[in-house]
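J.: What follows is coords_17.cif, made up of mmCIF, C-alpha atoms and all ligand atoms:
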data_input
loop_
_atom_site.group_PDB
_atom_site.id
_atom_site.type_symbol
_atom_site.label_atom_id
_atom_site.label_comp_id
_atom_site.auth_asym_id
_atom_site.auth_seq_id
_atom_site.Cartn_x
_atom_site.Cartn_y
_atom_site.Cartn_z
ATOM 1 C CA MET M 1 -129.733 14.364 64.330
ATOM 2 C CA GLU M 2 -130.711 10.849 65.326
ATOM 3 C CA THR M 3 -133.680 9.401 63.416
ATOM 4 C CA LYS M 4 -136.083 7.272 65.392
ATOM 5 C CA THR M 5 -136.872 3.917 63.833
ATOM 6 C CA ILE M 6 -140.133 2.118 64.423
ATOM 7 C CA LYS M 7 -139.774 -1.293 66.037
ATOM 8 C CA CYS M 8 -141.521 -4.527 65.187
ATOM 9 C CA ASN M 9 -144.468 -5.314 67.479
ATOM 10 C CA LYS M 10 -143.195 -8.878 67.889
ATOM 11 C CA CYS M 11 -139.475 -8.280 68.557
ATOM 12 C CA ASN M 12 -136.940 -5.508 68.907
ATOM 13 C CA ASN M 13 -135.932 -5.338 65.234
ATOM 14 C CA ASP M 14 -136.731 -2.409 62.942
ATOM 15 C CA ALA M 15 -140.139 -2.658 61.298
ATOM 16 C CA ILE M 16 -140.279 -2.748 57.490
ATOM 17 C CA ILE M 17 -144.051 -2.572 57.141
ATOM 18 C CA PHE M 18 -147.088 -1.223 58.930
ATOM 19 C CA GLN M 19 -150.238 -3.297 58.393
ATOM 20 C CA LYS M 20 -152.916 -0.683 58.915
ATOM 21 C CA TYR M 21 -155.653 -3.347 58.952
ATOM 22 C CA SER M 22 -154.042 -5.269 61.832
ATOM 23 C CA GLY M 23 -152.379 -2.325 63.564
ATOM 24 C CA MET M 24 -149.050 -4.228 63.510
ATOM 25 C CA HIS M 25 -145.549 -2.992 62.669
ATOM 26 C CA LEU M 26 -143.519 -5.989 61.472
ATOM 27 C CA CYS M 27 -139.825 -6.585 60.838
ATOM 28 C CA ARG M 28 -138.604 -8.615 57.870
ATOM 29 C CA LYS M 29 -138.665 -11.938 59.742
ATOM 30 C CA HIS M 30 -142.111 -11.479 61.241
ATOM 31 C CA PHE M 31 -143.568 -10.079 58.002
ATOM 32 C CA ILE M 32 -142.388 -13.162 56.081
ATOM 33 C CA GLU M 33 -143.706 -15.437 58.828
ATOM 34 C CA ASP M 34 -147.073 -13.660 58.729
ATOM 35 C CA VAL M 35 -147.438 -14.037 54.940
ATOM 36 C CA GLU M 36 -146.418 -17.707 54.989
ATOM 37 C CA ARG M 37 -148.705 -18.478 57.948
ATOM 38 C CA LYS M 38 -151.719 -16.971 56.168
ATOM 39 C CA ILE M 39 -150.955 -18.906 52.990
ATOM 40 C CA LYS M 40 -150.574 -22.216 54.832
ATOM 41 C CA LEU M 41 -153.875 -21.551 56.584
ATOM 42 C CA THR M 42 -155.616 -20.792 53.278
ATOM 43 C CA ILE M 43 -154.291 -24.010 51.748
ATOM 44 C CA ARG M 44 -155.308 -26.077 54.782
ATOM 45 C CA LYS M 45 -158.776 -24.531 54.949
ATOM 46 C CA HIS M 46 -159.757 -24.574 51.288
ATOM 47 C CA TYR M 47 -157.595 -26.995 49.313
ATOM 48 C CA SER M 48 -156.881 -30.345 50.778
ATOM 49 C CA ILE M 49 -153.470 -31.422 49.508
ATOM 50 C CA GLN M 50 -153.230 -35.186 49.063
ATOM 51 C CA LYS M 51 -150.430 -37.655 48.673
ATOM 52 C CA ASN M 52 -149.349 -37.872 44.999
ATOM 53 C CA ASP M 53 -150.879 -34.514 44.078
ATOM 54 C CA VAL M 54 -149.430 -32.871 40.983
ATOM 55 C CA ILE M 55 -149.792 -29.114 41.475
ATOM 56 C CA ALA M 56 -149.583 -27.068 38.299
ATOM 57 C CA ILE M 57 -148.912 -23.361 38.760
ATOM 58 C CA GLY M 58 -150.029 -20.822 36.169
ATOM 59 C CA LEU M 59 -146.779 -18.904 35.916
ATOM 60 C CA SER M 60 -146.880 -15.595 34.055
ATOM 61 C CA GLY M 61 -143.560 -14.540 35.527
ATOM 62 C CA GLY M 62 -144.993 -11.566 37.437
ATOM 63 C CA LYS M 63 -144.836 -11.048 41.207
ATOM 64 C CA ASP M 64 -148.050 -12.895 42.084
ATOM 65 C CA SER M 65 -147.458 -16.117 40.173
ATOM 66 C CA SER M 66 -143.731 -16.146 41.037
ATOM 67 C CA THR M 67 -144.578 -15.770 44.734
ATOM 68 C CA THR M 68 -147.156 -18.564 44.441
ATOM 69 C CA LEU M 69 -144.601 -20.874 42.866
ATOM 70 C CA TYR M 70 -141.901 -19.941 45.375
ATOM 71 C CA ILE M 71 -144.122 -20.456 48.426
ATOM 72 C CA LEU M 72 -145.562 -23.747 47.179
ATOM 73 C CA HIS M 73 -141.964 -24.853 46.675
ATOM 74 C CA GLN M 74 -141.130 -23.752 50.224
ATOM 75 C CA ILE M 75 -144.067 -25.728 51.604
ATOM 76 C CA PHE M 76 -144.088 -28.826 49.404
ATOM 77 C CA GLY M 77 -140.686 -28.806 47.685
ATOM 78 C CA LYS M 78 -139.222 -31.431 50.004
ATOM 79 C CA ARG M 79 -142.146 -33.827 49.735
ATOM 80 C CA PRO M 80 -141.258 -36.607 47.278
ATOM 81 C CA ASP M 81 -144.937 -37.490 46.822
ATOM 82 C CA ILE M 82 -145.897 -34.035 45.523
ATOM 83 C CA GLU M 83 -144.859 -32.649 42.167
ATOM 84 C CA LEU M 84 -144.903 -28.965 41.200
ATOM 85 C CA VAL M 85 -145.009 -27.903 37.544
ATOM 86 C CA GLY M 86 -144.943 -24.322 36.255
ATOM 87 C CA ILE M 87 -147.044 -23.577 33.175
ATOM 88 C CA SER M 88 -146.508 -20.345 31.242
ATOM 89 C CA ILE M 89 -148.805 -19.234 28.468
ATOM 90 C CA ASP M 90 -147.321 -17.062 25.750
ATOM 91 C CA GLU M 91 -150.266 -15.044 24.456
ATOM 92 C CA GLY M 92 -148.139 -13.421 21.771
ATOM 93 C CA ILE M 93 -147.709 -9.890 23.132
ATOM 94 C CA GLU M 94 -144.507 -8.419 21.753
ATOM 95 C CA GLY M 95 -142.479 -6.256 24.100
ATOM 96 C CA TYR M 96 -144.237 -7.644 27.179
ATOM 97 C CA ARG M 97 -144.631 -11.399 27.434
ATOM 98 C CA PRO M 98 -141.179 -12.601 26.279
ATOM 99 C CA SER M 99 -139.465 -10.924 29.240
ATOM 100 C CA THR M 100 -141.896 -12.288 31.857
ATOM 101 C CA ILE M 101 -141.582 -15.785 30.381
ATOM 102 C CA GLY M 102 -137.804 -15.345 30.611
ATOM 103 C CA SER M 103 -138.212 -14.556 34.336
ATOM 104 C CA ALA M 104 -140.461 -17.615 34.794
ATOM 105 C CA LYS M 105 -137.882 -19.813 33.096
ATOM 106 C CA GLU M 106 -135.080 -18.489 35.288
ATOM 107 C CA LEU M 107 -137.079 -19.006 38.486
ATOM 108 C CA THR M 108 -138.140 -22.579 37.673
ATOM 109 C CA GLU M 109 -134.544 -23.442 36.753
ATOM 110 C CA LYS M 110 -133.291 -21.987 40.031
ATOM 111 C CA LEU M 111 -135.841 -23.977 42.058
ATOM 112 C CA GLY M 112 -135.498 -27.148 39.961
ATOM 113 C CA ILE M 113 -139.172 -27.155 38.932
ATOM 114 C CA ARG M 114 -140.415 -28.503 35.597
ATOM 115 C CA HIS M 115 -141.587 -25.686 33.325
ATOM 116 C CA ILE M 116 -143.927 -25.897 30.346
ATOM 117 C CA VAL M 117 -144.391 -23.010 27.909
ATOM 118 C CA ARG M 118 -147.224 -23.119 25.378
ATOM 119 C CA SER M 119 -148.348 -20.329 23.054
ATOM 120 C CA PHE M 120 -151.646 -19.073 21.661
ATOM 121 C CA LYS M 121 -149.966 -19.345 18.250
ATOM 122 C CA GLU M 122 -149.339 -23.088 18.642
ATOM 123 C CA GLU M 123 -152.739 -23.753 20.147
ATOM 124 C CA TYR M 124 -155.081 -21.289 18.462
ATOM 125 C CA ASP M 125 -153.010 -20.199 15.469
ATOM 126 C CA THR M 126 -153.353 -16.556 16.504
ATOM 127 C CA THR M 127 -151.800 -14.094 18.954
ATOM 128 C CA MET M 128 -153.081 -11.322 21.200
ATOM 129 C CA ASP M 129 -151.199 -8.881 18.953
ATOM 130 C CA GLU M 130 -153.505 -10.011 16.153
ATOM 131 C CA ILE M 131 -156.683 -10.214 18.263
ATOM 132 C CA ALA M 132 -156.363 -6.984 20.309
ATOM 133 C CA PRO M 133 -156.783 -4.423 17.483
ATOM 134 C CA GLN M 134 -160.124 -6.047 16.565
ATOM 135 C CA GLN M 135 -161.387 -6.004 20.159
ATOM 136 C CA ARG M 136 -161.218 -2.350 21.089
ATOM 137 C CA GLU M 137 -164.839 -2.251 22.254
ATOM 138 C CA LYS M 138 -164.972 -5.308 24.518
ATOM 139 C CA GLY M 139 -161.310 -5.022 25.485
ATOM 140 C CA ALA M 140 -158.606 -7.565 24.805
ATOM 141 C CA CYS M 141 -158.610 -8.946 28.344
ATOM 142 C CA SER M 142 -161.964 -10.698 28.018
ATOM 143 C CA TYR M 143 -160.570 -12.704 25.079
ATOM 144 C CA CYS M 144 -157.178 -13.232 26.561
ATOM 145 C CA GLY M 145 -158.554 -14.386 29.927
ATOM 146 C CA VAL M 146 -160.894 -16.994 28.446
ATOM 147 C CA LEU M 147 -158.288 -18.409 26.052
ATOM 148 C CA ARG M 148 -155.550 -18.526 28.690
ATOM 149 C CA LYS M 149 -157.789 -20.175 31.272
ATOM 150 C CA SER M 150 -158.883 -22.796 28.778
ATOM 151 C CA LEU M 151 -155.319 -23.540 27.676
ATOM 152 C CA LEU M 152 -154.027 -23.703 31.249
ATOM 153 C CA ASN M 153 -156.724 -26.239 32.116
ATOM 154 C CA LYS M 154 -155.961 -28.268 28.990
ATOM 155 C CA ILE M 155 -152.246 -28.475 29.744
ATOM 156 C CA ALA M 156 -152.920 -29.248 33.413
ATOM 157 C CA LEU M 157 -155.134 -32.157 32.343
ATOM 158 C CA GLU M 158 -152.514 -33.366 29.838
ATOM 159 C CA ILE M 159 -149.831 -33.589 32.522
ATOM 160 C CA GLY M 160 -152.169 -35.257 35.024
ATOM 161 C CA ALA M 161 -152.266 -32.278 37.399
ATOM 162 C CA THR M 162 -154.682 -32.643 40.304
ATOM 163 C CA LYS M 163 -154.594 -28.951 41.283
ATOM 164 C CA LEU M 164 -154.012 -25.754 39.339
ATOM 165 C CA ALA M 165 -152.683 -22.857 41.437
ATOM 166 C CA ILE M 166 -153.045 -19.270 40.262
ATOM 167 C CA GLY M 167 -151.633 -16.109 41.786
ATOM 168 C CA HIS M 168 -154.798 -14.162 42.618
ATOM 169 C CA ASN M 169 -154.159 -11.993 45.670
ATOM 170 C CA LEU M 170 -156.563 -10.315 48.125
ATOM 171 C CA ASP M 171 -156.945 -7.233 45.922
ATOM 172 C CA ASP M 172 -157.880 -9.364 42.889
ATOM 173 C CA GLU M 173 -160.425 -11.314 44.918
ATOM 174 C CA ALA M 174 -161.992 -8.238 46.541
ATOM 175 C CA GLN M 175 -162.200 -6.459 43.166
ATOM 176 C CA THR M 176 -163.827 -9.480 41.517
ATOM 177 C CA ILE M 177 -166.381 -9.881 44.317
ATOM 178 C CA LEU M 178 -167.390 -6.219 44.071
ATOM 179 C CA LEU M 179 -167.371 -6.320 40.257
ATOM 180 C CA ASN M 180 -169.738 -9.304 40.247
ATOM 181 C CA HIS M 181 -172.017 -7.577 42.769
ATOM 182 C CA LEU M 182 -172.136 -4.414 40.668
ATOM 183 C CA LYS M 183 -172.895 -6.430 37.543
ATOM 184 C CA GLY M 184 -175.413 -8.618 39.377
ATOM 185 C CA ASP M 185 -173.534 -11.643 38.025
ATOM 186 C CA VAL M 186 -174.536 -14.366 40.472
ATOM 187 C CA ALA M 187 -173.264 -17.224 38.283
ATOM 188 C CA ARG M 188 -169.746 -15.798 38.347
ATOM 189 C CA MET M 189 -170.036 -15.182 42.056
ATOM 190 C CA VAL M 190 -170.837 -18.857 42.618
ATOM 191 C CA ARG M 191 -167.852 -19.872 40.493
ATOM 192 C CA LEU M 192 -165.596 -17.626 42.591
ATOM 193 C CA ALA M 193 -166.278 -19.591 45.767
ATOM 194 C CA PRO M 194 -163.546 -22.000 46.879
ATOM 195 C CA PRO M 195 -163.764 -24.830 44.381
ATOM 196 C CA LYS M 196 -165.395 -28.198 44.225
ATOM 197 C CA GLU M 197 -164.279 -31.182 42.173
ATOM 198 C CA LEU M 198 -165.782 -30.938 38.670
ATOM 199 C CA GLU M 199 -164.934 -33.488 36.062
ATOM 200 C CA GLY M 200 -162.834 -32.075 33.234
ATOM 201 C CA LEU M 201 -161.749 -29.034 35.257
ATOM 202 C CA VAL M 202 -158.584 -29.202 37.302
ATOM 203 C CA LEU M 203 -159.296 -27.945 40.825
ATOM 204 C CA ARG M 204 -158.143 -24.323 41.093
ATOM 205 C CA MET M 205 -156.174 -23.093 44.091
ATOM 206 C CA LYS M 206 -155.583 -19.470 45.074
ATOM 207 C CA PRO M 207 -153.004 -19.630 47.862
ATOM 208 C CA LEU M 208 -152.535 -15.808 47.920
ATOM 209 C CA ARG M 209 -156.214 -14.897 48.299
ATOM 210 C CA HIS M 210 -155.631 -13.539 51.822
ATOM 211 C CA ILE M 211 -152.488 -11.559 51.002
ATOM 212 C CA PRO M 212 -152.846 -7.883 49.970
ATOM 213 C CA GLU M 213 -151.173 -7.041 46.671
ATOM 214 C CA LYS M 214 -148.682 -4.653 48.314
ATOM 215 C CA GLU M 215 -147.554 -7.422 50.664
ATOM 216 C CA VAL M 216 -147.117 -9.869 47.772
ATOM 217 C CA ALA M 217 -144.915 -7.254 46.108
ATOM 218 C CA LEU M 218 -142.873 -6.775 49.301
ATOM 219 C CA TYR M 219 -142.523 -10.537 49.824
ATOM 220 C CA ALA M 220 -141.386 -10.931 46.191
ATOM 221 C CA TYR M 221 -138.908 -8.076 46.585
ATOM 222 C CA LEU M 222 -137.447 -9.509 49.809
ATOM 223 C CA HIS M 223 -136.923 -12.875 48.101
ATOM 224 C CA ASP M 224 -135.516 -11.419 44.906
ATOM 225 C CA LEU M 225 -138.414 -12.792 42.883
ATOM 226 C CA PRO M 226 -139.505 -11.222 39.584
ATOM 227 C CA LEU M 227 -141.676 -8.155 40.136
ATOM 228 C CA GLY M 228 -142.931 -7.923 36.566
ATOM 229 C CA PHE M 229 -142.813 -4.154 36.156
ATOM 230 C CA GLY M 230 -143.995 -2.819 32.818
ATOM 231 C CA GLY M 231 -147.585 -3.712 32.185
ATOM 232 C CA CYS M 232 -149.336 -5.371 29.300
ATOM 233 C CA PRO M 233 -150.094 -2.837 26.545
ATOM 234 C CA TYR M 234 -153.659 -4.177 26.221
ATOM 235 C CA ALA M 235 -154.593 -4.006 29.918
ATOM 236 C CA HIS M 236 -157.903 -2.206 29.676
ATOM 237 C CA GLU M 237 -160.703 -3.332 31.905
ATOM 238 C CA ALA M 238 -162.264 0.038 32.645
ATOM 239 C CA MET M 239 -164.708 -1.066 35.342
ATOM 240 C CA ARG M 240 -162.137 -3.128 37.217
ATOM 241 C CA ARG M 241 -159.758 -0.163 37.177
ATOM 242 C CA GLU M 242 -162.432 2.077 38.725
ATOM 243 C CA ILE M 243 -163.140 -0.550 41.366
ATOM 244 C CA ARG M 244 -159.433 -0.899 42.148
ATOM 245 C CA VAL M 245 -159.098 2.859 42.726
ATOM 246 C CA MET M 246 -162.262 2.927 44.826
ATOM 247 C CA LEU M 247 -161.262 -0.053 46.965
ATOM 248 C CA ASN M 248 -157.766 1.343 47.543
ATOM 249 C CA GLU M 249 -159.320 4.603 48.750
ATOM 250 C CA PHE M 250 -161.678 2.689 51.025
ATOM 251 C CA GLU M 251 -158.766 0.667 52.380
ATOM 252 C CA VAL M 252 -156.901 3.862 53.298
ATOM 253 C CA ASN M 253 -159.939 5.389 55.026
ATOM 254 C CA HIS M 254 -161.347 2.148 56.453
ATOM 255 C CA PRO M 255 -158.484 -0.343 56.882
ATOM 256 C CA GLY M 256 -159.594 -3.942 56.487
ATOM 257 C CA THR M 257 -162.221 -3.271 53.783
ATOM 258 C CA LYS M 258 -160.695 -5.808 51.358
ATOM 259 C CA TYR M 259 -160.527 -8.527 54.026
ATOM 260 C CA ALA M 260 -164.113 -7.721 55.053
ATOM 261 C CA LEU M 261 -165.342 -8.126 51.465
ATOM 262 C CA LEU M 262 -163.607 -11.483 51.127
ATOM 263 C CA SER M 263 -164.654 -12.892 54.488
ATOM 264 C CA GLY M 264 -168.257 -11.713 53.996
ATOM 265 C CA PHE M 265 -168.280 -13.431 50.613
ATOM 266 C CA ASP M 266 -166.803 -16.635 52.055
ATOM 267 C CA LYS M 267 -169.587 -16.687 54.658
ATOM 268 C CA ILE M 268 -172.380 -16.526 52.072
ATOM 269 C CA SER M 269 -170.736 -18.566 49.307
ATOM 270 C CA GLY M 270 -172.108 -21.865 50.656
ATOM 271 C CA ILE M 271 -175.671 -20.499 50.617
ATOM 272 C CA LEU M 272 -175.131 -19.037 47.135
ATOM 273 C CA GLY M 273 -173.903 -22.409 45.896
ATOM 274 C CA ARG M 274 -177.002 -24.154 47.248
ATOM 275 C CA GLU M 275 -179.451 -21.532 45.915
ATOM 276 C CA PHE M 276 -177.758 -21.245 42.543
ATOM 277 C CA PRO M 277 -176.116 -24.627 41.869
ATOM 278 C CA GLN M 278 -173.510 -24.623 39.124
ATOM 279 C CA GLU M 279 -174.657 -26.231 35.917
ATOM 280 C CA GLY M 280 -173.241 -29.681 35.262
ATOM 281 C CA LEU M 281 -170.325 -29.819 32.869
ATOM 282 C CA SER M 282 -170.305 -31.479 29.489
ATOM 283 C CA ARG M 283 -167.677 -31.558 26.743
ATOM 284 C CA CYS M 284 -167.316 -28.895 24.072
ATOM 285 C CA SER M 285 -168.349 -30.524 20.801
ATOM 286 C CA LEU M 286 -165.500 -28.758 18.973
ATOM 287 C CA CYS M 287 -162.450 -28.981 21.239
ATOM 288 C CA GLY M 288 -163.522 -31.468 23.929
ATOM 289 C CA GLN M 289 -162.809 -29.139 26.865
ATOM 290 C CA ALA M 290 -165.198 -29.091 29.828
ATOM 291 C CA CYS M 291 -167.986 -26.516 29.477
ATOM 292 C CA THR M 292 -171.597 -25.859 30.416
ATOM 293 C CA GLU M 293 -172.921 -25.508 26.865
ATOM 294 C CA ASP M 294 -172.527 -27.402 23.638
ATOM 295 C CA ILE M 295 -169.628 -25.175 22.560
ATOM 296 C CA CYS M 296 -167.123 -23.650 24.999
ATOM 297 C CA GLN M 297 -166.412 -19.931 25.355
ATOM 298 C CA ALA M 298 -162.937 -20.267 23.834
ATOM 299 C CA CYS M 299 -164.259 -21.916 20.637
ATOM 300 C CA LYS M 300 -167.013 -19.291 20.386
ATOM 301 C CA LEU M 301 -164.497 -16.445 20.717
ATOM 302 C CA LEU M 302 -162.274 -18.068 18.096
ATOM 303 C CA LYS M 303 -165.361 -18.427 15.870
ATOM 304 C CA ARG M 304 -164.646 -22.115 15.462
ATOM 305 C CA ASP M 305 -168.412 -22.681 15.344
ATOM 306 C CA GLN M 306 -168.924 -20.568 12.194
HETATM 307 FE FE1 LIG G 1 -154.124 -10.627 28.539
HETATM 308 FE FE2 LIG G 1 -155.348 -8.425 29.477
HETATM 309 FE FE3 LIG G 1 -153.538 -9.720 30.967
HETATM 310 FE FE4 LIG G 1 -152.778 -8.376 28.792
HETATM 311 S S1 LIG G 1 -153.685 -7.501 30.664
HETATM 312 S S2 LIG G 1 -152.069 -10.417 29.400
HETATM 313 S S3 LIG G 1 -154.506 -8.733 27.404
HETATM 314 S S4 LIG G 1 -155.530 -10.504 30.304
#
Kindly return the structure encoded in the file as structure tokens.

T.:
Amino acid sequence: METKTIKCNKCNNDAIIFQKYSGMHLCRKHFIEDVERKIKLTIRKHYSIQKNDVIAIGLSGGKDSSTTLYILHQIFGKRPDIELVGISIDEGIEGYRPSTIGSAKELTEKLGIRHIVRSFKEEYDTTMDEIAPQQREKGACSYCGVLRKSLLNKIALEIGATKLAIGHNLDDEAQTILLNHLKGDVARMVRLAPPKELEGLVLRMKPLRHIPEKEVALYAYLHDLPLGFGGCPYAHEAMRREIRVMLNEFEVNHPGTKYALLSGFDKISGILGREFPQEGLSRCSLCGQACTEDICQACKLLKRDQ
């Protein structure tokens, strides 16, 4: 019996994906074009790329960061005035991180991109394997996230990076927006808005913020990029997990929910920024990193102030 294939809405090729939110069936070529077009638009709208920019990419070696690196290489790889550098942080998680760092190394070598690997052990003289068992209540991720963010910024500053790209996709952004609403955390909401120049903090870029997670995974698969299966053993952010499940259900029943959350947030972020201006940055008195208080979050978590 002949099976009927569904055709792409833009050509006569077989579709490989149905975007429920746009109502479009797309073939491989038009799906890739759609993802790349959205990313270029995001970069043009939010992050003005200048001559002589050095773009650091936080590269965990999973699908999101690998796709970010790959696409930035596609867009800027031929420009001699722009340098891309991958930065991988080894948090010290046995059985998980070494393999993703291996994937990051392979990818940067293949694309001819400089790659820097720095560990929590070298920087903080500890590892997540040591920290996690003591942080069962708060969850390891709150520690890990703060320390990694701080170290990424430090390395980016050291190498003279002018932008720091991270692989947050649409799902991450929508979850974070809702999470901040539910926690009433306006300060974090303001910080989530597309960035401004702040001294001591390398400007953060999120080129994938308009791409749904499933589409990042498909794009990565089609380009033979690392998919990073096998999760971190300490992944445990209970509220975010609940929000992820809820948002995915909403997306099935009301396609476009994640985009609506993000675009609604983008519309009010300017007003939020004016009503709740970010505090000015100073330097941490212990490590010298940019922060809003006398001592930065990373030093507090590491109890360097005691
Ligand atoms: Fe760190 Fe949590 Fe990510 Fe694991 S899941 S690498 S502990 S932030």

J.: At a cut-off of 8 Å, using all atoms listed in the file, what residues contact Ile43 of chain M? Leave out same-chain residues fewer than 6 positions from it and give the result as a compact mmCIF listing (two decimals) with C-alpha atoms, in the coordinates of the input.

T.:
# COMPACT_ATOMS: atom_id res chain seq x y z
CA ILE M 49 -153.47 -31.42 49.51
CA MET M 205 -156.17 -23.09 44.09
CA PRO M 207 -153.00 -19.63 47.86

J.: I need the residue set behind the PyMOL selection byres (((chain M and resi 281-286) around 8) and not hetatm) for this file; please write it as a ChimeraX atom specification.

T.: /M:198-200,279-280,287-296,299,304-305

J.: Applying 7 Å and only C-alpha atoms, which residues near Leu84 of chain M remain after dropping the ones on its own chain fewer than 5 positions away? List them as a PyMOL selection string.

T.: chain M and resi 54-56+113

J.: The selected residues should be written to file as a PDB file, in the coordinates of the input (atoms: C-alpha atoms).

T.:
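result-v4.pdb was written with the following content:
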ATOM      1  CA  VAL M  54    -149.430 -32.871  40.983  1.00  0.00           C
ATOM      2  CA  ILE M  55    -149.792 -29.114  41.475  1.00  0.00           C
ATOM      3  CA  ALA M  56    -149.583 -27.068  38.299  1.00  0.00           C
ATOM      4  CA  ILE M 113    -139.172 -27.155  38.932  1.00  0.00           C
TER       5      ILE M 113
END

J.: Quick check on the file I pasted: which residues fall under the PyMOL selection byres (((not hetatm)) within 12 of (chain G and resi 1))? Write them as a PyMOL selection string.

T.: chain M and resi 59-62+88-98+100-101+120+127-133+135-136+138-149+228+230-238+240-241

J.: In Å, rounded to a single decimal, give me how far atom CA of Glu33 of chain M is from atom CA of Ile211 of chain M.

T.: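 Value for the atom CA of Ile211 of chain M-atom CA of Glu33 of chain M distance: 12.4 Å.
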
J.: Name the closest residue to Val216 of chain M among the candidates M:Lys29, M:Lys63, M:Lys258, M:Lys38; distances are taken between atoms, counting all atoms listed in the file.

T.: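 Looking only at the distances to Val216 of chain M, the closest residue turns out to be M:Lys63.
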
J.: Would you write out, as a ChimeraX atom specification, every residue that the PyMOL selection byres (((chain M and resi 220) around 12) and not hetatm) captures in this file?

T.: /M:32,35,61-71,107,213-219,221-228

J.: So, counting all atoms listed in the file, which residue among M:Ile87, M:Glu123, M:Ile166, M:Asn13 is closest to Lys105 of chain M?

T.: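 Closest residue, counting all atoms listed in the file: M:Ile87.
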
J.: Grab segment 251-299 of chain M from that structure and dump C-alpha atoms to a file, as a short mmCIF file (atom, residue, chain, number, x, y, z; two decimals), in the first residue's frame.

T.:
data_model
loop_
_atom_site.label_atom_id
_atom_site.label_comp_id
_atom_site.auth_asym_id
_atom_site.auth_seq_id
_atom_site.Cartn_x
_atom_site.Cartn_y
_atom_site.Cartn_z
CA GLU M 251 1.98 24.56 23.79
CA VAL M 252 0.21 21.39 22.64
CA ASN M 253 -3.25 22.76 23.47
CA HIS M 254 -2.55 26.39 22.53
CA PRO M 255 0.26 26.46 19.95
CA GLY M 256 2.37 29.60 20.16
CA THR M 257 2.18 29.98 23.96
CA LYS M 258 5.98 30.07 24.37
CA TYR M 259 6.39 32.70 21.64
CA ALA M 260 3.55 34.72 23.18
CA LEU M 261 5.25 34.70 26.60
CA LEU M 262 8.53 35.88 25.10
CA SER M 263 7.08 38.56 22.85
CA GLY M 264 4.83 39.87 25.65
CA PHE M 265 7.88 40.08 27.90
CA ASP M 266 9.93 41.85 25.22
CA LYS M 267 7.17 44.45 24.89
CA ILE M 268 7.17 45.32 28.59
CA SER M 269 10.89 44.88 29.29
CA GLY M 270 11.69 48.51 28.38
CA ILE M 271 9.08 49.79 30.85
CA LEU M 272 10.31 47.36 33.51
CA GLY M 273 13.87 48.59 33.01
CA ARG M 274 12.79 52.21 33.47
CA GLU M 275 10.60 51.50 36.53
CA PHE M 276 13.12 49.20 38.16
CA PRO M 277 16.56 50.35 36.97
CA GLN M 278 19.36 47.85 37.51
CA GLU M 279 21.69 48.75 40.33
CA GLY M 280 25.06 50.10 39.24
CA LEU M 281 27.90 47.61 39.30
CA SER M 282 30.93 47.75 41.53
CA ARG M 283 33.79 45.30 42.04
CA CYS M 284 33.68 42.37 44.44
CA SER M 285 36.12 43.19 47.23
CA LEU M 286 37.33 39.57 47.29
CA CYS M 287 37.67 38.47 43.66
CA GLY M 288 37.31 41.74 41.72
CA GLN M 289 34.44 40.52 39.52
CA ALA M 290 31.59 42.91 38.70
CA CYS M 291 28.72 42.75 41.19
CA THR M 292 26.01 44.87 42.79
CA GLU M 293 27.14 44.38 46.39
CA ASP M 294 30.42 44.50 48.23
CA ILE M 295 30.92 40.74 47.79
CA CYS M 296 29.72 38.81 44.72
CA GLN M 297 27.36 35.83 44.81
CA ALA M 298 30.12 33.39 43.81
CA CYS M 299 32.39 34.43 46.72
#
